[in-house]
$ cat work.cif   # mmCIF, C-alpha atoms and all ligand atoms
data_protein
loop_
_atom_site.label_atom_id
_atom_site.label_comp_id
_atom_site.auth_asym_id
_atom_site.auth_seq_id
_atom_site.Cartn_x
_atom_site.Cartn_y
_atom_site.Cartn_z
CA MET A 1 106.71 89.32 105.86
CA GLY A 2 106.19 87.29 102.72
CA LYS A 3 104.29 88.08 99.61
CA ALA A 4 100.62 88.99 99.62
CA LYS A 5 97.99 86.33 99.16
CA VAL A 6 95.86 87.35 96.23
CA VAL A 7 92.16 86.47 96.20
CA SER A 8 89.55 87.46 93.59
CA LEU A 9 85.83 87.52 94.21
CA ILE A 10 84.13 86.28 91.08
CA ASN A 11 80.63 85.54 89.88
CA TYR A 12 79.23 86.47 86.49
CA LYS A 13 75.86 86.72 88.15
CA GLY A 14 75.10 90.26 89.26
CA GLY A 15 74.07 91.45 92.70
CA VAL A 16 75.24 88.37 94.60
CA GLY A 17 77.36 90.26 97.12
CA LYS A 18 80.81 90.27 95.47
CA THR A 19 81.53 93.88 96.35
CA THR A 20 79.95 93.80 99.82
CA THR A 21 81.96 90.67 100.67
CA THR A 22 85.26 92.02 99.30
CA TYR A 23 84.81 95.25 101.20
CA HIS A 24 83.84 93.78 104.56
CA ILE A 25 86.46 91.01 104.55
CA GLY A 26 89.05 93.64 103.62
CA CYS A 27 87.93 95.98 106.40
CA SER A 28 87.81 93.18 108.97
CA LEU A 29 91.29 91.89 108.01
CA ALA A 30 92.72 95.38 108.56
CA GLN A 31 90.60 96.53 111.48
CA HIS A 32 90.30 93.35 113.54
CA HIS A 33 93.46 91.47 112.53
CA ARG A 34 95.91 94.28 111.77
CA LYS A 35 96.64 92.83 108.34
CA ARG A 36 97.93 95.02 105.53
CA VAL A 37 95.29 94.93 102.81
CA LEU A 38 95.06 96.25 99.28
CA LEU A 39 91.61 96.34 97.66
CA ILE A 40 91.58 96.52 93.87
CA ASP A 41 88.39 97.62 92.13
CA ILE A 42 88.27 96.35 88.54
CA ASP A 43 84.52 96.74 88.06
CA PRO A 44 83.64 99.81 85.96
CA GLN A 45 80.52 100.17 88.12
CA THR A 46 83.05 101.46 90.66
CA ASN A 47 80.97 100.17 93.60
CA LEU A 48 83.86 99.07 95.80
CA THR A 49 85.47 102.47 95.35
CA PHE A 50 82.30 104.23 96.49
CA LEU A 51 81.95 101.96 99.52
CA CYS A 52 85.38 103.26 100.53
CA SER A 53 84.95 106.93 99.78
CA PRO A 54 82.42 109.65 99.02
CA TYR A 55 82.09 110.59 95.34
CA SER A 56 83.71 114.00 95.77
CA GLU A 57 86.83 112.52 97.38
CA TRP A 58 87.12 110.02 94.54
CA GLU A 59 86.89 112.82 91.97
CA LYS A 60 89.76 114.61 93.67
CA PHE A 61 91.86 111.48 93.89
CA LYS A 62 91.17 110.58 90.28
CA LYS A 63 92.19 114.00 89.05
CA LYS A 64 95.44 114.00 90.98
CA ASN A 65 96.49 110.34 90.97
CA GLY A 66 94.42 108.52 88.36
CA THR A 67 92.68 105.16 88.67
CA ILE A 68 93.18 101.60 87.51
CA LYS A 69 92.19 102.73 84.03
CA ASN A 70 95.25 104.98 83.81
CA LEU A 71 97.44 102.13 85.04
CA TYR A 72 96.06 99.91 82.28
CA GLU A 73 96.69 102.57 79.67
CA ARG A 74 100.28 102.95 80.81
CA PHE A 75 100.72 99.18 80.82
CA GLN A 76 99.38 98.97 77.27
CA ALA A 77 101.64 101.84 76.18
CA ARG A 78 104.57 99.97 77.77
CA THR A 79 105.53 102.93 79.92
CA SER A 80 106.20 102.65 83.64
CA MET A 81 102.92 102.03 85.45
CA ASN A 82 103.85 103.91 88.62
CA VAL A 83 101.47 101.76 90.66
CA ALA A 84 102.31 103.50 93.94
CA ARG A 85 100.76 106.72 92.69
CA ALA A 86 97.34 105.10 92.07
CA ILE A 87 97.23 103.54 95.51
CA TRP A 88 94.84 105.45 97.72
CA LYS A 89 96.20 105.15 101.24
CA GLU A 90 93.64 104.43 103.94
CA PRO A 91 90.58 105.97 102.24
CA ILE A 92 88.01 104.70 104.75
CA SER A 93 87.06 107.12 107.48
CA ILE A 94 85.32 105.77 110.59
CA SER A 95 84.47 107.52 113.84
CA ALA A 96 87.78 106.47 115.40
CA GLY A 97 89.76 107.87 112.45
CA ARG A 98 90.88 106.01 109.34
CA ILE A 99 90.91 102.25 108.99
CA GLN A 100 94.64 101.67 109.12
CA ASN A 101 96.59 99.54 106.67
CA LEU A 102 93.70 99.31 104.23
CA ASP A 103 94.48 100.78 100.82
CA LEU A 104 92.55 100.93 97.56
CA ILE A 105 93.25 101.10 93.86
CA PRO A 106 90.05 102.81 92.71
CA CYS A 107 88.18 102.19 89.50
CA ASP A 108 86.59 104.40 86.89
CA ILE A 109 83.57 103.91 84.63
CA ASP A 110 85.87 104.43 81.63
CA LEU A 111 87.50 101.06 82.26
CA LEU A 112 84.40 99.64 80.57
CA GLY A 113 85.77 100.38 77.09
CA GLU A 114 89.06 98.62 77.82
CA ASP A 115 87.29 95.60 79.26
CA LEU A 116 85.07 95.17 76.23
CA ALA A 117 87.72 95.98 73.63
CA GLY A 118 90.13 93.36 75.01
CA GLY A 119 90.90 90.14 73.25
CA ALA A 120 93.58 89.43 70.67
CA VAL A 121 92.41 87.55 67.60
CA ALA A 122 94.30 84.69 65.99
CA GLY A 123 94.06 84.22 62.22
CA THR A 124 92.50 81.15 60.60
CA TYR A 125 95.65 79.17 59.80
CA PRO A 126 98.33 81.16 61.56
CA THR A 127 102.01 80.45 61.04
CA PHE A 128 104.07 79.72 64.14
CA GLN A 129 105.41 83.28 64.12
CA GLN A 130 101.88 84.71 63.85
CA LEU A 131 100.69 82.41 66.57
CA LYS A 132 103.56 83.46 68.80
CA LYS A 133 102.84 87.14 68.16
CA SER A 134 99.12 86.85 68.85
CA ALA A 135 99.77 84.65 71.87
CA GLU A 136 102.11 87.29 73.19
CA GLU A 137 99.47 89.96 72.83
CA TYR A 138 96.76 87.70 74.22
CA VAL A 139 98.81 86.89 77.30
CA ARG A 140 100.01 90.44 77.76
CA GLU A 141 96.46 91.83 77.83
CA ARG A 142 95.69 89.34 80.57
CA SER A 143 98.88 89.92 82.56
CA PHE A 144 98.22 93.52 83.52
CA LEU A 145 97.06 92.78 87.07
CA LYS A 146 99.79 90.20 87.54
CA HIS A 147 102.39 92.86 86.69
CA LEU A 148 100.65 95.45 88.84
CA ILE A 149 100.54 93.18 91.89
CA ARG A 150 104.14 92.09 91.43
CA ASP A 151 105.11 95.70 92.12
CA VAL A 152 103.35 95.87 95.49
CA GLU A 153 103.02 92.30 96.78
CA GLU A 154 105.74 92.71 99.42
CA LYS A 155 103.83 95.58 101.03
CA TYR A 156 100.61 93.69 101.77
CA ASP A 157 99.39 90.55 103.48
CA TYR A 158 96.30 90.30 101.29
CA VAL A 159 95.23 91.71 97.95
CA LEU A 160 91.48 91.41 97.29
CA ILE A 161 90.12 91.96 93.79
CA ASP A 162 86.46 92.84 93.26
CA CYS A 163 85.38 91.70 89.79
CA ALA A 164 82.52 92.87 87.58
CA PRO A 165 79.62 90.45 86.94
CA ASN A 166 81.21 89.02 83.79
CA LEU A 167 84.21 86.99 82.66
CA TYR A 168 85.67 89.62 80.32
CA LEU A 169 89.22 90.82 80.07
CA MET A 170 89.64 92.28 83.56
CA THR A 171 88.18 89.21 85.28
CA GLN A 172 90.53 87.08 83.19
CA ASN A 173 93.35 89.31 84.43
CA ALA A 174 92.18 88.70 87.98
CA LEU A 175 92.24 84.93 87.44
CA LEU A 176 95.80 85.04 86.17
CA ALA A 177 96.93 87.30 89.03
CA SER A 178 95.28 85.44 91.92
CA HIS A 179 96.19 82.44 94.02
CA TRP A 180 92.53 81.72 94.69
CA TYR A 181 89.12 82.83 93.58
CA VAL A 182 86.10 82.89 95.84
CA ILE A 183 82.50 82.71 94.63
CA PRO A 184 79.93 84.70 96.58
CA ALA A 185 76.47 83.26 95.92
CA ILE A 186 72.89 83.61 97.05
CA PRO A 187 71.60 80.10 97.78
CA ASP A 188 68.67 80.11 95.37
CA HIS A 189 67.92 77.76 92.49
CA LEU A 190 69.24 79.90 89.62
CA SER A 191 72.45 80.79 91.41
CA THR A 192 73.16 77.15 92.07
CA ILE A 193 72.79 76.21 88.41
CA GLY A 194 75.19 79.05 87.67
CA LEU A 195 77.85 77.68 90.03
CA SER A 196 78.84 74.72 87.88
CA ILE A 197 78.66 76.77 84.68
CA LEU A 198 80.89 79.37 86.29
CA GLN A 199 83.50 76.84 87.39
CA ARG A 200 83.54 75.24 83.94
CA LYS A 201 83.94 78.60 82.21
CA VAL A 202 86.69 79.65 84.59
CA SER A 203 88.56 76.37 83.98
CA ASN A 204 88.27 76.85 80.22
CA ILE A 205 89.52 80.42 80.38
CA GLU A 206 92.41 79.46 82.62
CA ALA A 207 93.38 76.51 80.42
CA GLN A 208 93.38 78.78 77.37
CA ILE A 209 95.58 81.38 79.03
CA VAL A 210 97.99 78.79 80.40
CA LYS A 211 98.20 77.22 76.93
CA ALA A 212 98.95 80.59 75.35
CA THR A 213 101.70 81.29 77.88
CA GLN A 214 103.60 78.32 76.46
CA PHE A 215 104.31 80.40 73.36
CA VAL A 216 105.48 83.36 75.39
CA ASP A 217 108.86 83.71 77.08
CA SER A 218 108.23 86.88 79.04
CA VAL A 219 105.74 85.62 81.63
CA SER A 220 106.26 83.13 84.38
CA LYS A 221 104.59 79.82 83.63
CA SER A 222 102.78 79.68 86.95
CA GLY A 223 99.20 78.45 86.85
CA ALA A 224 96.00 80.38 87.45
CA ALA A 225 93.69 80.83 90.43
CA LYS A 226 92.20 77.83 92.23
CA LEU A 227 88.67 77.81 93.58
CA GLY A 228 89.23 78.68 97.22
CA GLY A 229 85.69 78.77 98.53
CA ILE A 230 82.03 79.59 98.14
CA ILE A 231 80.53 82.19 100.45
CA PHE A 232 76.78 82.28 100.81
CA VAL A 233 75.30 85.73 101.25
CA LYS A 234 71.92 87.26 101.86
CA VAL A 235 70.56 84.00 103.23
CA ARG A 236 66.90 84.55 103.96
CA ILE A 237 65.52 84.06 107.43
CA GLY A 238 61.82 83.58 108.07
CA GLY A 239 61.10 84.31 111.71
CA MET A 240 63.96 82.76 113.63
CA VAL A 241 65.02 80.09 111.11
CA LEU A 242 66.51 79.91 107.62
CA THR A 243 64.00 79.43 104.85
CA ASN A 244 63.78 75.83 103.67
CA THR A 245 64.89 76.50 100.11
CA HIS A 246 68.00 78.38 101.13
CA GLU A 247 68.92 75.84 103.74
CA SER A 248 68.46 72.84 101.47
CA ILE A 249 70.39 74.48 98.63
CA MET A 250 73.30 75.24 100.96
CA THR A 251 73.33 71.61 102.08
CA GLN A 252 73.20 70.42 98.48
CA VAL A 253 76.05 72.70 97.33
CA GLY A 254 78.03 71.63 100.39
CA SER A 255 77.77 67.99 99.33
CA THR A 256 78.73 68.64 95.69
CA HIS A 257 81.62 70.92 96.76
CA PRO A 258 83.11 69.18 99.78
CA GLY A 259 85.19 71.46 101.97
CA LEU A 260 84.60 74.50 99.78
CA CYS A 261 81.60 76.23 101.35
CA PHE A 262 82.41 78.69 104.10
CA GLU A 263 80.75 77.61 107.33
CA THR A 264 79.61 81.15 108.07
CA PHE A 265 77.30 83.05 105.76
CA THR A 266 75.58 86.41 105.89
CA THR A 267 71.86 86.65 106.35
CA GLU A 268 69.70 89.21 104.63
CA LEU A 269 69.55 92.13 107.02
CA ILE A 270 68.77 95.82 106.89
CA GLY A 271 71.41 98.51 107.31
CA TYR A 272 73.67 97.77 104.34
CA GLY A 273 72.30 100.66 102.32
CA GLU A 274 72.79 103.18 105.12
CA ALA A 275 76.33 101.97 105.83
CA ALA A 276 77.15 102.17 102.11
CA GLU A 277 75.87 105.73 101.99
CA ALA A 278 78.09 106.63 104.92
CA ALA A 279 81.03 104.76 103.27
CA VAL A 280 81.73 102.70 106.40
CA PRO A 281 81.49 98.97 107.18
CA VAL A 282 78.11 97.81 108.53
CA TRP A 283 79.51 97.35 112.03
CA GLU A 284 80.57 101.00 112.12
CA HIS A 285 77.20 102.40 111.22
CA SER A 286 75.53 103.50 114.39
CA SER A 287 72.03 102.21 114.84
CA LYS A 288 69.94 101.20 117.76
CA ASN A 289 69.07 98.04 115.89
CA ALA A 290 70.18 94.97 117.86
CA LYS A 291 70.99 93.18 114.61
CA MET A 292 74.13 95.33 114.27
CA ALA A 293 75.87 92.82 116.48
CA SER A 294 74.95 89.88 114.28
CA ARG A 295 76.17 91.65 111.13
CA LYS A 296 79.53 92.22 112.75
CA ALA A 297 79.71 88.65 114.03
CA GLN A 298 78.89 87.24 110.58
CA TYR A 299 81.70 89.14 108.90
CA THR A 300 84.30 88.62 111.61
CA SER A 301 83.57 84.93 111.49
CA ILE A 302 83.80 84.80 107.68
CA THR A 303 87.10 86.69 107.94
CA ASP A 304 88.47 84.24 110.55
CA GLU A 305 87.67 81.44 108.14
CA PHE A 306 89.20 83.38 105.26
CA ILE A 307 92.48 83.66 107.20
CA ARG A 308 92.43 79.94 108.02
CA ARG A 309 91.79 78.97 104.41
CA PHE A 310 94.27 81.24 102.68
CA VAL A 311 97.65 80.63 104.26
N1 LIG A 401 73.70 90.40 103.94
C1 LIG A 401 73.04 91.33 103.24
N2 LIG A 401 71.80 91.74 103.63
C2 LIG A 401 71.13 92.66 102.92
N3 LIG A 401 71.59 93.26 101.82
C3 LIG A 401 72.82 92.92 101.38
C4 LIG A 401 73.61 91.93 102.06
N4 LIG A 401 74.78 91.79 101.38
C5 LIG A 401 74.71 92.62 100.33
N5 LIG A 401 73.55 93.30 100.31
C6 LIG A 401 73.09 94.28 99.31
O1 LIG A 401 72.87 93.59 98.08
C7 LIG A 401 73.16 94.45 96.98
C8 LIG A 401 74.11 93.74 96.02
O2 LIG A 401 75.34 93.52 96.68
P1 LIG A 401 76.73 93.76 95.95
O3 LIG A 401 76.77 95.09 95.28
O4 LIG A 401 77.79 93.45 96.93
O5 LIG A 401 76.67 92.61 94.83
P2 LIG A 401 77.66 92.41 93.60
O6 LIG A 401 77.69 90.95 93.32
O7 LIG A 401 78.94 93.07 93.83
O8 LIG A 401 76.87 93.17 92.44
P3 LIG A 401 77.40 93.47 90.94
O9 LIG A 401 77.29 92.18 90.23
O10 LIG A 401 76.49 94.51 90.42
O11 LIG A 401 78.82 93.92 91.07
C9 LIG A 401 73.72 95.72 97.57
O12 LIG A 401 72.71 96.68 97.59
C10 LIG A 401 74.13 95.33 98.98
O13 LIG A 401 74.05 96.41 99.90
MG MG A 402 79.95 94.48 92.61
#
$ encode --input "work.cif" --output "structure tokens"
Amino acid sequence: MGKAKVVSLINYKGGVGKTTTTYHIGCSLAQHHRKRVLLIDIDPQTNLTFLCSPYSEWEKFKKKNGTIKNLYERFQARTSMNVARAIWKEPISISAGRIQNLDLIPCDIDLLGEDLAGGAVAGTYPTFQQLKKSAEEYVRERSFLKHLIRDVEEKYDYVLIDCAPNLYLMTQNALLASHWYVIPAIPDHLSTIGLSILQRKVSNIEAQIVKATQFVDSVSKSGAAKLGGIIFVKVRIGGMVLTNTHESIMTQVGSTHPGLCFETFTTELIGYGEAAEAAVPVWEHSSKNAKMASRKAQYTSITDEFIRRFV
């Protein structure tokens, strides 16, 4: 087995399905394809963590093993991170037992402070030595996830990182640590405008980090994440067909981003809230609703495509 493929789900727009997509692709990779998966929650909202586990279980885990916040603190203090300890083995409980080979590094609301505080400042006319020093700090703050994943990449086939709706320090870390980033998006007008802004911002951030790494000897000079795909979510259906706006926007984005849009998308359906409350994937939540089957089919199909794209 080679090294894990690392994929981040990124969109600075909130509520566009980043966490739901990360979670269900992760679950499907493990449950339906027997892949070894590590989910990393870097959003202080801690949503991915609570899709995997009830609050009380998380509290216990946090007390005993810590969360990503503790790993970041240890990284900053230059002590051993002990990543293995913060990995929650198979946290998701379904009726047939636990989802096997699906692990989680949970998050914590307190990561918020770290995320906002991040960002080394360069002086106005820095000397080369000053520049080197600040570049070192700048790169180091953004290399936390890269270091973390290096410790565990042989143990997994896929590492999926669920980002917060911003491009702050932790998302920048995710970009530096990933092979690809995927944009989940709702196909409405505002989200589509956001797509090009997002790609431009991501390119700028990546270029800045890669430039800074030139001053630093301690990190590998490898590049940053490439855009690996756009996944449409919550596509609205009116009666039996897609609404015109959503359909035409998907076609339009498909033509401006050739080959990048996933062929399968999720439609806006009920049942996500109940499944989230039960901390299980939508296809595990028992309901007499016939649409259960279509929710499962949508995610298994997205996951098939995910496997084909990220080899
Ligand atoms: N296909 C769907 N049909 C109906 N509801 C959905 C669907 N996918 C996601 N949702 C719901 O939409 C809401 C937002 O989804 P989610 O939390 O995944 O977005 P997010 O981009 O991670 O949000 P944030 O930016 O706050 O992190 C959630 O309540 C989720 O249950
Ligand atoms: Mg989220």
$ closest_residue --input "work.cif" --among "A:Thr267, A:Asn166, A:Ser255, A:Ser143" --to "ligand MG 402 (chain A)" --atoms "all atoms listed in the file"
A:Asn166
$ residues_around --input "work.cif" --residues "A:Ala297" --least-positions-apart "5" --cutoff "12 Å" --atoms "only C-alpha atoms" --output "PyMOL selection string"
chain A and resi 24-25+28+32+264-267+282-283+291-292+302-304
$ closest_atom_pairs --input "work.cif" --of "chain A" --to "ligand MG 402 (chain A)" --cutoff "7 Å" --atoms "all atoms listed in the file" --output "tab-separated table"
residue	atom	partner	partner_atom	distance
A:Gly15	CA	A:MG402	MG	6.6
A:Gly17	CA	A:MG402	MG	6.7
A:Lys18	CA	A:MG402	MG	5.2
A:Thr19	CA	A:MG402	MG	4.1
A:Asp43	CA	A:MG402	MG	6.8
A:Asn47	CA	A:MG402	MG	5.9
A:Leu48	CA	A:MG402	MG	6.8
A:Asp162	CA	A:MG402	MG	6.7
A:Cys163	CA	A:MG402	MG	6.7
A:Ala164	CA	A:MG402	MG	5.9
A:Pro165	CA	A:MG402	MG	7.0
$ atom_distance --input "work.cif" --atom1 "atom CA of A:Lys35" --atom2 "atom CA of A:Ser80"
28.2 Å
$ closest_residue --input "work.cif" --among "A:Ser301, A:Gln45, A:Ser294, A:Thr251" --to "A:His33" --atoms "all atoms listed in the file"
A:Ser301
$ residues_around --input "work.cif" --residues "stretch 70-77 of chain A" --least-positions-apart "3" --cutoff "9 Å" --atoms "only C-alpha atoms" --output "PyMOL selection string"
chain A and resi 66-67+80-83+86+111+114+140-141+144-145+147-148
$ atom_distance --input "work.cif" --atom1 "atom CA of A:Ala293" --atom2 "atom CA of A:Val7"
26.8 Å
$ atom_distance --input "work.cif" --atom1 "atom CA of A:Leu190" --atom2 "atom CA of A:Ala225"
24.5 Å
$ residues_around --input "work.cif" --residues "A:Gln172" --least-positions-apart "4" --cutoff "9 Å" --atoms "all atoms listed in the file" --output "JSON, numbers by chain"
{"A": [142, 143, 167, 168, 176, 177, 202, 205, 206, 209]}
$ closest_residue --input "work.cif" --among "A:Gln298, A:Gln130, A:Ser56, A:Ser93" --to "ligand LIG 401 (chain A)" --atoms "only C-alpha atoms and all ligand atoms"
A:Gln298
$ closest_residue --input "work.cif" --among "A:Thr79, A:Thr171, A:Gln252, A:Ser178" --to "A:Glu153" --atoms "only C-alpha atoms"
A:Ser178
$ residues_around --input "work.cif" --residues "A:Ala84" --least-positions-apart "5" --cutoff "12 Å" --atoms "only C-alpha atoms" --output "count of residues only"
17
$ axis_aligned_box --input "work.cif" --around "ligand LIG 401 (chain A)" --padding-each-side "4 Å" --output "JSON"
{"center_x": 75.0, "center_y": 93.5, "center_z": 97.1, "size_x": 15.8, "size_y": 14.3, "size_z": 21.7}
$ residues_near_point --input "work.cif" --point "(81.7, 81.3, 89.0)" --cutoff "9 Å" --atoms "all atoms listed in the file" --output "MDAnalysis selection string"
chainID A and resid 10:13 167 181:185 194:202
$ closest_residue --input "work.cif" --among "A:Met250, A:Ile42, A:His257, A:Gly2" --to "A:His189" --atoms "all atoms listed in the file"
A:Met250
$ closest_residue --input "work.cif" --among "A:Thr256, A:Ser203, A:Asn244, A:Thr46" --to "ligand LIG 401 (chain A)" --atoms "only C-alpha atoms and all ligand atoms"
A:Thr46
$ residues_near_point --input "work.cif" --point "(66.8, 88.4, 104.9)" --cutoff "7 Å" --atoms "all atoms listed in the file" --output "ChimeraX atom specification"
/A:234-237,267-269
$ build_atoms --input "work.cif" --residues "stretch 177-188 of chain A" --atoms "N, CA and C atoms" --output "PDB file, in the frame of the given file"
ATOM      1  N   ALA A 177      96.141  86.635  87.981  1.00  0.00           N
ATOM      2  CA  ALA A 177      96.930  87.300  89.030  1.00  0.00           C
ATOM      3  C   ALA A 177      96.708  86.711  90.417  1.00  0.00           C
ATOM      4  N   SER A 178      95.667  85.880  90.570  1.00  0.00           N
ATOM      5  CA  SER A 178      95.280  85.440  91.920  1.00  0.00           C
ATOM      6  C   SER A 178      95.760  84.038  92.258  1.00  0.00           C
ATOM      7  N   HIS A 179      95.934  83.814  93.553  1.00  0.00           N
ATOM      8  CA  HIS A 179      96.190  82.440  94.020  1.00  0.00           C
ATOM      9  C   HIS A 179      94.877  81.668  94.100  1.00  0.00           C
ATOM     10  N   TRP A 180      93.833  82.365  94.534  1.00  0.00           N
ATOM     11  CA  TRP A 180      92.530  81.720  94.690  1.00  0.00           C
ATOM     12  C   TRP A 180      91.430  82.632  94.153  1.00  0.00           C
ATOM     13  N   TYR A 181      90.314  82.024  93.783  1.00  0.00           N
ATOM     14  CA  TYR A 181      89.120  82.830  93.580  1.00  0.00           C
ATOM     15  C   TYR A 181      88.011  82.295  94.468  1.00  0.00           C
ATOM     16  N   VAL A 182      87.187  83.220  94.933  1.00  0.00           N
ATOM     17  CA  VAL A 182      86.100  82.890  95.840  1.00  0.00           C
ATOM     18  C   VAL A 182      84.800  83.272  95.138  1.00  0.00           C
ATOM     19  N   ILE A 183      83.796  82.407  95.257  1.00  0.00           N
ATOM     20  CA  ILE A 183      82.500  82.710  94.630  1.00  0.00           C
ATOM     21  C   ILE A 183      81.489  83.101  95.704  1.00  0.00           C
ATOM     22  N   PRO A 184      81.060  84.349  95.726  1.00  0.00           N
ATOM     23  CA  PRO A 184      79.930  84.700  96.580  1.00  0.00           C
ATOM     24  C   PRO A 184      78.638  84.298  95.855  1.00  0.00           C
ATOM     25  N   ALA A 185      77.698  83.713  96.572  1.00  0.00           N
ATOM     26  CA  ALA A 185      76.470  83.260  95.920  1.00  0.00           C
ATOM     27  C   ALA A 185      75.280  83.348  96.858  1.00  0.00           C
ATOM     28  N   ILE A 186      74.130  83.672  96.285  1.00  0.00           N
ATOM     29  CA  ILE A 186      72.890  83.610  97.050  1.00  0.00           C
ATOM     30  C   ILE A 186      72.358  82.178  96.867  1.00  0.00           C
ATOM     31  N   PRO A 187      71.989  81.499  97.946  1.00  0.00           N
ATOM     32  CA  PRO A 187      71.600  80.100  97.780  1.00  0.00           C
ATOM     33  C   PRO A 187      70.182  79.923  97.235  1.00  0.00           C
ATOM     34  N   ASP A 188      69.963  80.384  95.998  1.00  0.00           N
ATOM     35  CA  ASP A 188      68.670  80.110  95.370  1.00  0.00           C
ATOM     36  C   ASP A 188      68.894  79.219  94.146  1.00  0.00           C
TER      37      ASP A 188
END
